[in-house]
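Below: the structure, in structure tokens.
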Amino acid sequence: MSERDGRKPGKRQAVEVQELDRVTIRFAGDSGDGMQLAGLQFTNTSAVYGNDVATVPDFPAEIRAPAGSIPGVSSFQVSFSSHDIHTPGDQPDVLVAMNPAALKAHLGDLPKGGLLIVNTDEFTESNLRKALYTENPLEGDSLDGYRVVEVPVGTMNTRALSESGLNTMQIDRSKNSFALGLMFWLYERPLDSTIRWFEEKFARNPEVRDANIATMKAGYNFGDTAELFPQRFHVAKADLPPGRYRNITGNSATALGFLAASKLANLPLFYGSYPITPASDILHELSRFKNFGVKTFQAEDEIAAIGSAIGASFGGFLGLTGTSGPGLALKSEALGLAVMVELPLVVAMIQRSGPSTGMPTKTDQADLLQVLFGRNGESPVAVVAPATPSECFHYAIEAFRLALRHMTPTVFLSDGYLGTGSEPWRVPEADELPRIEVKFARDPEGFNPYDRDPETLARPWAAPGTPGLEHRIGGLEKAHITGDVSYDGDNHDRMTRFRAEKVARIANDVPDVEVIGDESGDLLVLGWGSTYGANLSAVQRVQAEGLAVSCAQLRYLNPFPSNLGEVISNFEQVLIPELNLGQLAMLVRSRYVVDAASLNKVTGRPFLIAEIEEKIHELVGSKVKV
Amino acid sequence: MSERDGRKPGKRQAVEVQELDRVTIRFAGDSGDGMQLAGLQFTNTSAVYGNDVATVPDFPAEIRAPAGSIPGVSSFQVSFSSHDIHTPGDQPDVLVAMNPAALKAHLGDLPKGGLLIVNTDEFTESNLRKALYTENPLEGDSLDGYRVVEVPVGTMNTRALSESGLNTMQIDRSKNSFALGLMFWLYERPLDSTIRWFEEKFARNPEVRDANIATMKAGYNFGDTAELFPQRFHVAKADLPPGRYRNITGNSATALGFLAASKLANLPLFYGSYPITPASDILHELSRFKNFGVKTFQAEDEIAAIGSAIGASFGGFLGLTGTSGPGLALKSEALGLAVMVELPLVVAMIQRSGPSTGMPTKTDQADLLQVLFGRNGESPVAVVAPATPSECFHYAIEAFRLALRHMTPTVFLSDGYLGTGSEPWRVPEADELPRIEVKFARDPEGFNPYDRDPETLARPWAAPGTPGLEHRIGGLEKAHITGDVSYDGDNHDRMTRFRAEKVARIANDVPDVEVIGDESGDLLVLGWGSTYGANLSAVQRVQAEGLAVSCAQLRYLNPFPSNLGEVISNFEQVLIPELNLGQLAMLVRSRYVVDAASLNKVTGRPFLIAEIEEKIHELVGSKVKV
Amino acid sequence: MTTEAAPEGPLALQRKDFVTDQEVRWCPGCGDYSILAQTQKLMPDLGVPRENIVFISGIGCNSRLPYYMKTYGFHSIHGRAPTIATGLRVMNPELKVFVITGDGDGLSIGGNHLLHVMRRNVDLTIVLFNNRIYGLTKGQYSPTSEFGKRTKSSPAGAVDTPLHPLSVAISAEASFVARSLDIDQKHLIGTLERAARHKGTSFVEVYQNCNVFNDGAFMEFADKAVRSDRTVRLDHGQPLLFGKELEKGIRLNGTTPEIVDVGNGANESELWVHDESREDPALSFILSRMHWPDFPEPMGVIRAVERPVYEDLVQGQVDEAIERQGEGDLDALFQEGDTWTVE
Amino acid sequence: MTTEAAPEGPLALQRKDFVTDQEVRWCPGCGDYSILAQTQKLMPDLGVPRENIVFISGIGCNSRLPYYMKTYGFHSIHGRAPTIATGLRVMNPELKVFVITGDGDGLSIGGNHLLHVMRRNVDLTIVLFNNRIYGLTKGQYSPTSEFGKRTKSSPAGAVDTPLHPLSVAISAEASFVARSLDIDQKHLIGTLERAARHKGTSFVEVYQNCNVFNDGAFMEFADKAVRSDRTVRLDHGQPLLFGKELEKGIRLNGTTPEIVDVGNGANESELWVHDESREDPALSFILSRMHWPDFPEPMGVIRAVERPVYEDLVQGQVDEAIERQGEGDLDALFQEGDTWTVE
Ligand SMILES: Cc1ncc(C[n+]2csc(CCOP(=O)(O)OP(=O)(O)O)c2C)c(N)n1
Ligand SMILES: Cc1ncc(C[n+]2csc(CCOP(=O)(O)OP(=O)(O)O)c2C)c(N)n1
Ligand code: SF4
Ligand code: SF4
Ligand SMILES: [Mg+2]
Ligand SMILES: [Mg+2]
């Protein structure tokens, strides 16, 4: 039984086991080496084991680079811990490099003293050349200061599978499972969940299934027998709030959230989209769940995608479209139409690095202003922004709740780092989730399409098919109440202010922004979106140093929570770290006339905790060395 | 000879002549009544006569409304003066109403005591119905308090042309010339320039020519003979700076400016556009001047329009595209490409009322933020904004000067009010105009497509066809210097800041913003674009009252002139009047952390001087009654 | 807009029940009036409850039409009506959806959406008002304007070769393609009815006179006096005959149409017998290339074939999924994959 | 990018002069490699100075090609390459401009631009890499994917009817339409050369294998073993013959192609003789509808007719205006209309 022979309890005592409270491993190899799979399996195992985990993948650019080349390197970083963590870690403690290119690309991130596991078999002349190495790093002194462990992964793997009946290419494909087994041994992880996974995944392909299981065990045993490692490590369970958990990426959580919204509002979901990295996952995910009644439409372009979603909203259904920056640019005009016709359209916007095509597989937060202002005329939309992968679930639902209650287009603003990153998610009970109440106009008596709700200013939603409510809407300015076309100047002024006020009033319908730390102090670190983990971790560190620093992460970007002004006013200074050149900062400075400081980074990568920590010290001085 | 018999010097003494220093006349009638023509001729005559003039037309919505209906009313307001004026006037002194609908639509703007000239012939049962009059206003007391003059324009016109040989419909078409003649008499204007105009315009149609001239004279004489008017009025010449003048609309001035830029840079102009109100005029104008080498391309949509213009810029030519708000929304993605490839594309953006289709024939200033931020990623463009119709000429040239020198997409931001409004323009001497120097890369030695000019950070412009400079550009992030595709994070950060800094440095290349009035005081009225006339007039009034108020109009919106911060700092308060909900205000508040006040109006109409004056008094109190 | 009481049922409806209180805002004499009139007349005959009828348009003079139809309506943005209609139909197949577009709206800015909606065969009735001009923007040439046409934007003549709307539709795999004429009231309403009853995308090009910016664009063959000689009515199963006494016919020489005099000599059996239901689109394509003055302009239903309707296929996949996996259950969904419990 | 010294003149150039220092980033085994190779080989033969050659692409795997061509290049945005190429050619007719696109780039998001650039007949050589999949975004179905295709975005099978790229081109009035195959090197370079030498828009569909996301899409007829039986080469003025011994031919029964055995019985004279230069597009259209397995796939130049080139017409109007009014003079321009002088 896997459990037992995996664990080999007999030999356990042979090497001493060191307790650690957090470890960060980066698996790096060629795109073909299955690093994402190895990383994910290690993540699941650790999560199931009870650690808190956080991960971040790093894919090569969309185009496949030649095998063995640096652009072809794919990596997956997982951080697992005995306490709760908020980021996948600034730097890895362990780097698994499956080929020279992977070593070249990632060694820079490994701190001296870090553990470096290299697959020696790939360090051939030609591979070294592909990685632009002039000499073999395993021979020179370039690796001095690292704890280098050389493993002939290829050879060992081939040996383990000589009997498998697979051809060499197939055998080679399971290298990653050998490496994975080795890491499982090193960190005392059980093999069973991965074995189960292989059994499901390759159910229809027993040879491959058995080969992967066999080589993984071989890797595990190799660690046990070969005296490569002086010690093993153990990271104890974290005490997470009780409940059922699963590991989830932001994009999956987003798709689940939208499906949930459909159930909670009891309205079928329509998803119109045109593929684009990193939003495509949502299209792929939703198209798998047709039994939820969701209809996915791969449109000819982004304009058709949002147009079709507007059609669905007009029809009285959950109209949803999703894209990334370049796609949103194309949707601008139609989103303006949705604002004018005041329909509950939701736009899932997964940011990537721009401008233009930019770096499609990397992340920035530089589309906030486009989301707010990228349309002609005064064209307000509501904006919600999850701060962690698992939060994407809640805010996907929230986006529809606000859109439906306030009859306004609403943007769900995520990014590639959230979308592809993962963390444990406490699985909710479906009936824990609050229903979304939807009011359709049904009574012809006194019906008018632009007769607003006095509280929310929302206009009535009258779906085609409802007898007696026949009416016409469109992109021309509408007369107050009747919705007739109007060129009256005062009406235009009034309607423009209504549209703005309608969105502004959503502030009464969203929770206050929460301050982590004291309600007042020297510095407030104010953030939005995926910077949450780094902001929080940095602030926790400086709080531990005794600095009067708190942080707050905005999940509602338009309108701002109503207490934001007051929150800000209680701090001497405000720091706004953003993966752009200061977009939220501009909004906050102008809204509250406060000289908020910015920390900007536009590298396509998330903030390191240390970067924020350093900026905090720069602003409020420090009682401790940095 | 027209001059003489027009003036009828013999009878002049018959009615007393009152001197006025400014008169504002509004011609209003059915779309078919030729009010635009009448207004324009009156304008030209007054301008040629030597007055300062300002005009604003008001067309019906793009769709032709039924004859006689209120939506079908077309009007033209001209203000002429013996001193220099900055707006077409808040309210007319005289309203010429050619039919009931025109009266219904415009009477509200005529102050009590105003002169009201009505064409009684059109006040028929059916016309009154079309104008939604339940009773004939000429009979009731609804016109009490106005100086009503009833003229059977139709009858008189028909009588005048009974011999003309034209059919009744043709005859009816020249009604407006009769009315025009009457107004010429009332304000002692010479007929000759209009006669000349008819002679050219209808050269190939002598009957129509003669008819219009005849009925205009008849109108003139009618004023002379019929004792309808107790007096005539005279508005003396204004003393404008010496020079040759012509009356020009903003859109014509814009087209001329771009043609001039082409000559000054000695590079052929390409204009790629898709028709849209109010930008279409520019396409129409430019396509008339093929002998300047300009090539106009009516694209299949706005995306193709900007794409083609980018192609022209890439090719080493003056690439220009033009549109209005909805069109700019569609161009967003491609404009981002232009930012990434750093080409000297110019976008002529003529704002209209939004959001969405909005009110196509009306004006707002609500696209400033779209222009600045309506693209994915950090995507800076330079923005210039003329403040008067005639300034459009200069800033069209300026847009290309900046685009070419700094190798950046540049937006020329105008609006429908500027574009269709007119004023006298002091015609420049072509060789007064400064040449635009263009540097092309030619030397393969050490050429690199992203090797920046140390001063401006502009990249070299290497046109296809240049031997040895073959290179590839595109929308993916570029490596510093080489321009190769790069996914390097630090390079992306560097390039993002380069693009921002490149545009920011344009501030060194533009004039300081000028303060009209004292350099310091209680209040600065800060504006941009077409609010200039109203801002200036209002400030001049309150200055006359002795208030410490100055004004400044921004012609450069990105970057701001470098002295703006200091200018602002010298005033107790700042007021920013905008035809939007506070877009420039947001930028200024955030940039200078100043609590600038806003005056917002979104009616599709320009500010009245009185509105701004009132707001000024509200902010700084007043020594005088409002 | 005033609210309207529910109708007593479709059969009770008459044209006036489909007229809104909105003042019609087209130029006097515009061909759009006649198309509107036939469209309103058609409604009661369709037997569709008024609340289930939706008119969706883009931007252009033509696209004002929904305001004048007392049904649900959406005057959207330029060129995008087919996309909105697609989303609406996919979610609610109960609705009878019309798309109103123009030669600029549908073939210039909106050409791509037209292409894709037709290949998908979404059940929409698309009426393209072809006046060979941009009317609303006051007279620029359009993708159907003649080569060399002088307009505001082409003072020296347009240098663009025009598109044949019907050819485009056919090569976009359209299952129903027809043409009619604004002023030919009976033919127009008949053609619209055929289109409206077709399952799948029906595309109708209507020659429409813009008497302000392109007056008489079609008069050469559309004028009542010459119409029978210069247009040919297409009737399924009937030979292509035209002329006042149907004295002329068309036969195919290989793939080339030829005009022949019927009666004297030329025998009927040689004539091209129209088959609108033929799968192979070659003949439809040939018809789409026939134009006055070389040939009489074909009028009527050029192509009408059966193809699965897009939204039915989409619904089918949903039904099948439910069949196979049962109605989606959130709890099951949430627990997909590896889960673990923390006590 | 390193700078390159000016060539000694086109004739001196060889393939290597068109190879950049950029590492080619396509999956090993991708059909794009072969298309790139033939394209590079073709360049010297064109006799165009390297600095006058420009490659403009959209987005997609295919659209990386310009990075590998040591000419001027522009890797633009998704679907818009034809628009950029149009502006460039209109302003500089000296340049030889290629447009590289894909089935998604050119027919999905970019379909409308393709339509309009072809009807205008801008002098561009458009090469559409048709791999019937979205490669760059890792495997969603495209407008040319077969009905029912299962992909990441269509797990239950695509319900969209695919477009026939060549039919679309023909109905867009294209003056040159051809098809070739990535792995058929001689045919490919020959076809590309024909296209490159055509005056006006030339449109070439290249069947391209995406061995990662849609492997073997064309193997059924493209495989060397069966190719001669399952494809038919089109040669102007030659009968449509195919098969290893050219033992089979195609004849037209009215508008319907039929396969006949040549030799025994069926006489050559019945066979369809290919006429690429025929104005009337009916036959081109019929060819564009022929597909395996019903017919052999037509390969080669389907249509090649002469039409005025858009940018020449534009230039003509400029020349004529200068002829008529003389070179534009700013002072005259400024003084147009009423002017007056203030002393
Ligand atoms: C995005 C956008 N671009 C341009 C316009 C301006 N516009 C409105 S209608 C139209 C063309 C109308 O032509 P057509 O579709 O033939 O309709 P018609 O008026 O002739 O019926 C244009 C260019 C617009 N409203 N929106
Ligand atoms: C505006 C925009 N939308 C979507 C994308 C994402 N995208 C890039 S390439 C592509 C389709 C590629 O398919 P194809 O044109 O067939 O090229 P291939 O990769 O198959 O060669 C898509 C959807 C994008 N880059 N830009
Ligand atoms: S402009 Fe032409 S199409 Fe438009 S309403 Fe007037 S006549 Fe009709
Ligand atoms: S994904 Fe397909 S098309 Fe793209 S490079 Fe790889 S094999 Fe070629
Ligand atoms: Mg039209
Ligand atoms: Mg493809």
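In the structure tokens, each chain is lettered A, B, ... as it comes, each chain's residues begin at 1, and ligands are numbered from 1 in order of appearance.
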| request: Show me which bits of chain C are within 8 Å of chain B, counting only C-alpha atoms, as a PyMOL selection string. | output: chain C and resi 24-28+61+77+108-109+136-138+140+152-155
File of the preceding selection, C-alpha atoms, as an mmCIF file, in the first residue's frame:
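Saved file again.cif follows:
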```cif
data_model
loop_
_atom_site.group_PDB
_atom_site.id
_atom_site.type_symbol
_atom_site.label_atom_id
_atom_site.label_comp_id
_atom_site.auth_asym_id
_atom_site.auth_seq_id
_atom_site.Cartn_x
_atom_site.Cartn_y
_atom_site.Cartn_z
ATOM 1 C CA VAL C 24 -40.778 59.379 -37.119
ATOM 2 C CA ARG C 25 -37.589 61.303 -37.847
ATOM 3 C CA TRP C 26 -36.598 60.538 -41.388
ATOM 4 C CA CYS C 27 -36.390 63.012 -44.229
ATOM 5 C CA PRO C 28 -39.642 63.380 -46.096
ATOM 6 C CA CYS C 61 -30.780 56.454 -40.360
ATOM 7 C CA ILE C 77 -23.842 51.080 -31.455
ATOM 8 C CA SER C 108 -18.290 48.738 -43.302
ATOM 9 C CA ILE C 109 -17.755 48.808 -39.551
ATOM 10 C CA LEU C 136 -26.917 59.803 -41.053
ATOM 11 C CA THR C 137 -23.501 61.411 -41.314
ATOM 12 C CA LYS C 138 -24.768 63.438 -44.252
ATOM 13 C CA GLN C 140 -20.118 60.005 -47.507
ATOM 14 C CA LYS C 152 -18.366 64.801 -49.425
ATOM 15 C CA SER C 153 -15.508 62.467 -48.598
ATOM 16 C CA SER C 154 -14.685 61.594 -52.211
ATOM 17 C CA PRO C 155 -14.850 64.881 -54.115
#
```
| task | Step one, run DSSP on the backbone; step two, keep only residues of region 352-454 of chain B assigned to strand (DSSP E or B); then write them as a PyMOL selection string. | result | chain B and resi 353+358-359+382-384+410-415+422-426+450
| request: Compute the set of chain D residues within 7 Å of chain C, using only C-alpha atoms, and express it as a ChimeraX atom specification. | output: /D:111-112,119-120,156,159-163,167-168,171-172,254-255,282,286,310,313,317
| request: Please report as an NGL selection string which residues of chain A come no farther than 6 Å from chain B, using only C-alpha atoms. | output: :A and (325-326 or 329-330 or 332-333 or 336-337 or 354-358 or 366-367 or 369-370 or 373-379 or 475-477 or 489-490 or 492-493 or 586 or 589-590 or 593 or 602-604)
| field | Nearest residue to ligand 4 from the set D:Thr83, D:Thr71, D:Ser269, D:Asn214 (distances using only C-alpha atoms and all ligand atoms) | value |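 Smallest distance to ligand 4 is found for D:Asn214.
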Taking 2 positions as the minimum chain separation for residues in the same chain, which residues sit within 10 Å of Glu276 (chain C) when counting only C-alpha atoms? Answer as a short mmCIF file (atom, residue, chain, number, x, y, z; two decimals) with N, CA, C and O atoms, in the first residue's frame.
```
data_model
loop_
_atom_site.label_atom_id
_atom_site.label_comp_id
_atom_site.auth_asym_id
_atom_site.auth_seq_id
_atom_site.Cartn_x
_atom_site.Cartn_y
_atom_site.Cartn_z
N SER C 175 -27.76 30.84 -44.67
CA SER C 175 -28.75 29.83 -45.07
C SER C 175 -29.96 30.47 -45.75
O SER C 175 -30.74 29.78 -46.39
N PHE C 176 -30.12 31.77 -45.61
CA PHE C 176 -31.21 32.46 -46.30
C PHE C 176 -30.72 33.81 -46.79
O PHE C 176 -30.22 34.61 -46.00
N VAL C 177 -30.86 34.03 -48.10
CA VAL C 177 -30.38 35.27 -48.70
C VAL C 177 -31.45 35.78 -49.67
O VAL C 177 -31.93 35.00 -50.51
N ALA C 178 -31.82 37.04 -49.52
CA ALA C 178 -32.85 37.59 -50.40
C ALA C 178 -32.61 39.06 -50.66
O ALA C 178 -31.78 39.70 -50.00
N LEU C 234 -37.45 36.09 -58.60
CA LEU C 234 -37.04 34.70 -58.37
C LEU C 234 -38.16 33.98 -57.65
O LEU C 234 -38.62 34.42 -56.60
N ASP C 235 -38.62 32.90 -58.24
CA ASP C 235 -39.61 32.07 -57.56
C ASP C 235 -39.14 30.63 -57.60
O ASP C 235 -38.78 30.13 -58.67
N HIS C 236 -39.14 30.02 -56.44
CA HIS C 236 -38.62 28.65 -56.33
C HIS C 236 -39.32 27.72 -57.32
O HIS C 236 -40.54 27.71 -57.41
N GLY C 237 -38.50 26.99 -58.10
CA GLY C 237 -39.09 26.03 -59.04
C GLY C 237 -39.55 26.64 -60.35
O GLY C 237 -39.96 25.94 -61.26
N VAL C 273 -34.00 27.28 -64.13
CA VAL C 273 -35.08 27.13 -63.17
C VAL C 273 -34.54 27.37 -61.77
O VAL C 273 -33.58 26.71 -61.35
N HIS C 274 -35.13 28.33 -61.10
CA HIS C 274 -34.58 28.74 -59.80
C HIS C 274 -34.80 27.67 -58.73
O HIS C 274 -35.89 27.14 -58.58
N ARG C 278 -31.15 24.63 -52.96
CA ARG C 278 -29.98 23.86 -53.32
C ARG C 278 -28.83 24.10 -52.34
O ARG C 278 -28.44 25.24 -52.10
N GLU C 279 -28.30 23.02 -51.79
CA GLU C 279 -27.20 23.11 -50.83
C GLU C 279 -26.02 23.89 -51.41
O GLU C 279 -25.57 24.88 -50.86
N PRO C 281 -23.86 26.31 -53.06
CA PRO C 281 -24.16 27.74 -53.22
C PRO C 281 -23.72 28.34 -54.55
O PRO C 281 -23.87 29.53 -54.78
N LEU C 283 -24.88 28.38 -57.60
CA LEU C 283 -25.89 29.12 -58.36
C LEU C 283 -26.31 30.39 -57.61
O LEU C 283 -26.50 31.45 -58.22
N SER C 284 -26.45 30.28 -56.30
CA SER C 284 -26.79 31.48 -55.52
C SER C 284 -25.72 32.54 -55.76
O SER C 284 -26.02 33.72 -55.94
N GLY C 300 -35.91 38.85 -54.84
CA GLY C 300 -36.62 37.76 -54.17
C GLY C 300 -35.66 36.88 -53.38
O GLY C 300 -34.53 37.29 -53.07
N VAL C 301 -36.10 35.66 -53.11
CA VAL C 301 -35.32 34.75 -52.28
C VAL C 301 -34.31 34.01 -53.15
O VAL C 301 -34.67 33.24 -54.02
N ILE C 302 -33.06 34.29 -52.93
CA ILE C 302 -31.99 33.70 -53.73
C ILE C 302 -31.58 32.34 -53.17
O ILE C 302 -31.28 31.41 -53.90
N ARG C 303 -31.63 32.26 -51.86
CA ARG C 303 -31.16 31.03 -51.21
C ARG C 303 -31.94 30.81 -49.93
O ARG C 303 -32.17 31.76 -49.16
N ALA C 304 -32.39 29.59 -49.72
CA ALA C 304 -33.11 29.25 -48.49
C ALA C 304 -32.88 27.77 -48.20
O ALA C 304 -33.56 26.93 -48.77
N VAL C 305 -31.89 27.48 -47.39
CA VAL C 305 -31.57 26.08 -47.08
C VAL C 305 -31.66 25.84 -45.57
O VAL C 305 -31.59 26.77 -44.77
#
```
| task | Could I get the residue neighbourhood of ligand 5 at 7 Å, counting only C-alpha atoms and all ligand atoms, as a PyMOL selection string? | result | chain C and resi 102-104+129-135+142
| CA of Phe59 (chain B) to CA of Gln553 (chain B), distance in Å rounded to a single decimal | 27.6 Å
Quick one: everything within 7 Å of Thr321 (chain A), counting only C-alpha atoms, minus sequence neighbours fewer than 5 positions away in the same chain. Send it as a PDB file with all heavy atoms, in the first residue's frame.
```
ATOM      1  N   TYR A 271     -21.557  33.577 -20.882  1.00  0.00           N
ATOM      2  CA  TYR A 271     -20.189  34.088 -20.913  1.00  0.00           C
ATOM      3  C   TYR A 271     -19.745  34.258 -22.358  1.00  0.00           C
ATOM      4  O   TYR A 271     -19.551  33.286 -23.082  1.00  0.00           O
ATOM      5  CB  TYR A 271     -19.235  33.142 -20.184  1.00  0.00           C
ATOM      6  CG  TYR A 271     -17.825  33.692 -20.045  1.00  0.00           C
ATOM      7  CD1 TYR A 271     -17.600  34.908 -19.411  1.00  0.00           C
ATOM      8  CD2 TYR A 271     -16.725  32.999 -20.536  1.00  0.00           C
ATOM      9  CE1 TYR A 271     -16.322  35.424 -19.269  1.00  0.00           C
ATOM     10  CE2 TYR A 271     -15.425  33.502 -20.393  1.00  0.00           C
ATOM     11  CZ  TYR A 271     -15.227  34.715 -19.763  1.00  0.00           C
ATOM     12  OH  TYR A 271     -13.960  35.235 -19.619  1.00  0.00           O
ATOM     13  N   GLY A 272     -19.605  35.515 -22.771  1.00  0.00           N
ATOM     14  CA  GLY A 272     -19.120  35.814 -24.116  1.00  0.00           C
ATOM     15  C   GLY A 272     -17.682  36.265 -24.010  1.00  0.00           C
ATOM     16  O   GLY A 272     -17.384  37.212 -23.287  1.00  0.00           O
ATOM     17  N   SER A 273     -16.782  35.580 -24.693  1.00  0.00           N
ATOM     18  CA  SER A 273     -15.376  35.932 -24.554  1.00  0.00           C
ATOM     19  C   SER A 273     -14.600  35.580 -25.811  1.00  0.00           C
ATOM     20  O   SER A 273     -15.051  34.775 -26.628  1.00  0.00           O
ATOM     21  CB  SER A 273     -14.771  35.199 -23.353  1.00  0.00           C
ATOM     22  OG  SER A 273     -13.472  35.695 -23.090  1.00  0.00           O
ATOM     23  N   ALA A 305     -17.795  39.799 -28.224  1.00  0.00           N
ATOM     24  CA  ALA A 305     -17.923  39.134 -26.918  1.00  0.00           C
ATOM     25  C   ALA A 305     -18.744  39.991 -25.962  1.00  0.00           C
ATOM     26  O   ALA A 305     -19.714  39.519 -25.361  1.00  0.00           O
ATOM     27  CB  ALA A 305     -16.543  38.849 -26.342  1.00  0.00           C
ATOM     28  N   ILE A 306     -18.379  41.258 -25.853  1.00  0.00           N
ATOM     29  CA  ILE A 306     -19.136  42.106 -24.916  1.00  0.00           C
ATOM     30  C   ILE A 306     -20.519  42.400 -25.487  1.00  0.00           C
ATOM     31  O   ILE A 306     -21.510  42.425 -24.740  1.00  0.00           O
ATOM     32  CB  ILE A 306     -18.386  43.419 -24.577  1.00  0.00           C
ATOM     33  CG1 ILE A 306     -19.121  44.170 -23.468  1.00  0.00           C
ATOM     34  CG2 ILE A 306     -18.171  44.283 -25.793  1.00  0.00           C
ATOM     35  CD1 ILE A 306     -18.386  45.396 -22.946  1.00  0.00           C
ATOM     36  N   ALA A 309     -22.725  39.639 -24.574  1.00  0.00           N
ATOM     37  CA  ALA A 309     -23.029  39.649 -23.137  1.00  0.00           C
ATOM     38  C   ALA A 309     -24.056  40.744 -22.818  1.00  0.00           C
ATOM     39  O   ALA A 309     -24.944  40.548 -21.983  1.00  0.00           O
ATOM     40  CB  ALA A 309     -21.758  39.857 -22.325  1.00  0.00           C
ATOM     41  N   VAL A 346     -21.471  42.247 -16.300  1.00  0.00           N
ATOM     42  CA  VAL A 346     -20.232  42.106 -15.533  1.00  0.00           C
ATOM     43  C   VAL A 346     -19.079  41.819 -16.492  1.00  0.00           C
ATOM     44  O   VAL A 346     -19.211  41.028 -17.424  1.00  0.00           O
ATOM     45  CB  VAL A 346     -20.337  41.003 -14.465  1.00  0.00           C
ATOM     46  CG1 VAL A 346     -18.978  40.721 -13.840  1.00  0.00           C
ATOM     47  CG2 VAL A 346     -21.340  41.416 -13.390  1.00  0.00           C
ATOM     48  N   VAL A 347     -17.974  42.521 -16.266  1.00  0.00           N
ATOM     49  CA  VAL A 347     -16.775  42.335 -17.075  1.00  0.00           C
ATOM     50  C   VAL A 347     -15.670  41.784 -16.177  1.00  0.00           C
ATOM     51  O   VAL A 347     -15.313  42.414 -15.186  1.00  0.00           O
ATOM     52  CB  VAL A 347     -16.304  43.670 -17.692  1.00  0.00           C
ATOM     53  CG1 VAL A 347     -15.053  43.456 -18.526  1.00  0.00           C
ATOM     54  CG2 VAL A 347     -17.409  44.306 -18.518  1.00  0.00           C
ATOM     55  N   ALA A 348     -15.191  40.590 -16.503  1.00  0.00           N
ATOM     56  CA  ALA A 348     -14.066  40.022 -15.757  1.00  0.00           C
ATOM     57  C   ALA A 348     -12.787  40.444 -16.463  1.00  0.00           C
ATOM     58  O   ALA A 348     -12.563  40.083 -17.612  1.00  0.00           O
ATOM     59  CB  ALA A 348     -14.171  38.506 -15.705  1.00  0.00           C
TER      60      ALA A 348
END
```
| Near-Ile568 (chain A) list (12 Å; only C-alpha atoms; drop same-chain fewer than 6 positions) as a ChimeraX atom specification | /A:513-515,519-526,550-552,561-562,574-576,588-589,591-596
| field | Residues within 12 Å of Ala610 (chain B), only C-alpha atoms, excluding chain neighbours under 6 positions, as a VMD selection string | value | chain B and resid 87 89 to 91 533 to 542 616 to 617 626
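The spacing separating CA of Phe213 (chain D) from atom 1 (S, counted along the ligand's line) of ligand 4 amounts to 6.1 Å.
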| said: Please compute the CA of Ile436 (chain B)-CA of Lys502 (chain B) distance, one decimal, in Å. | reply: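 Calculated distance between CA of Ile436 (chain B) and CA of Lys502 (chain B) is 19.1 Å.
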| task | Might you pull out every residue within 12 Å of Lys104 (chain A), with only C-alpha atoms counted and same-chain residues fewer than 4 positions away left off, and present them as a ChimeraX atom specification? | result | /A:28-30,68-73,95-100,108-110,118,123,127-138,142-143
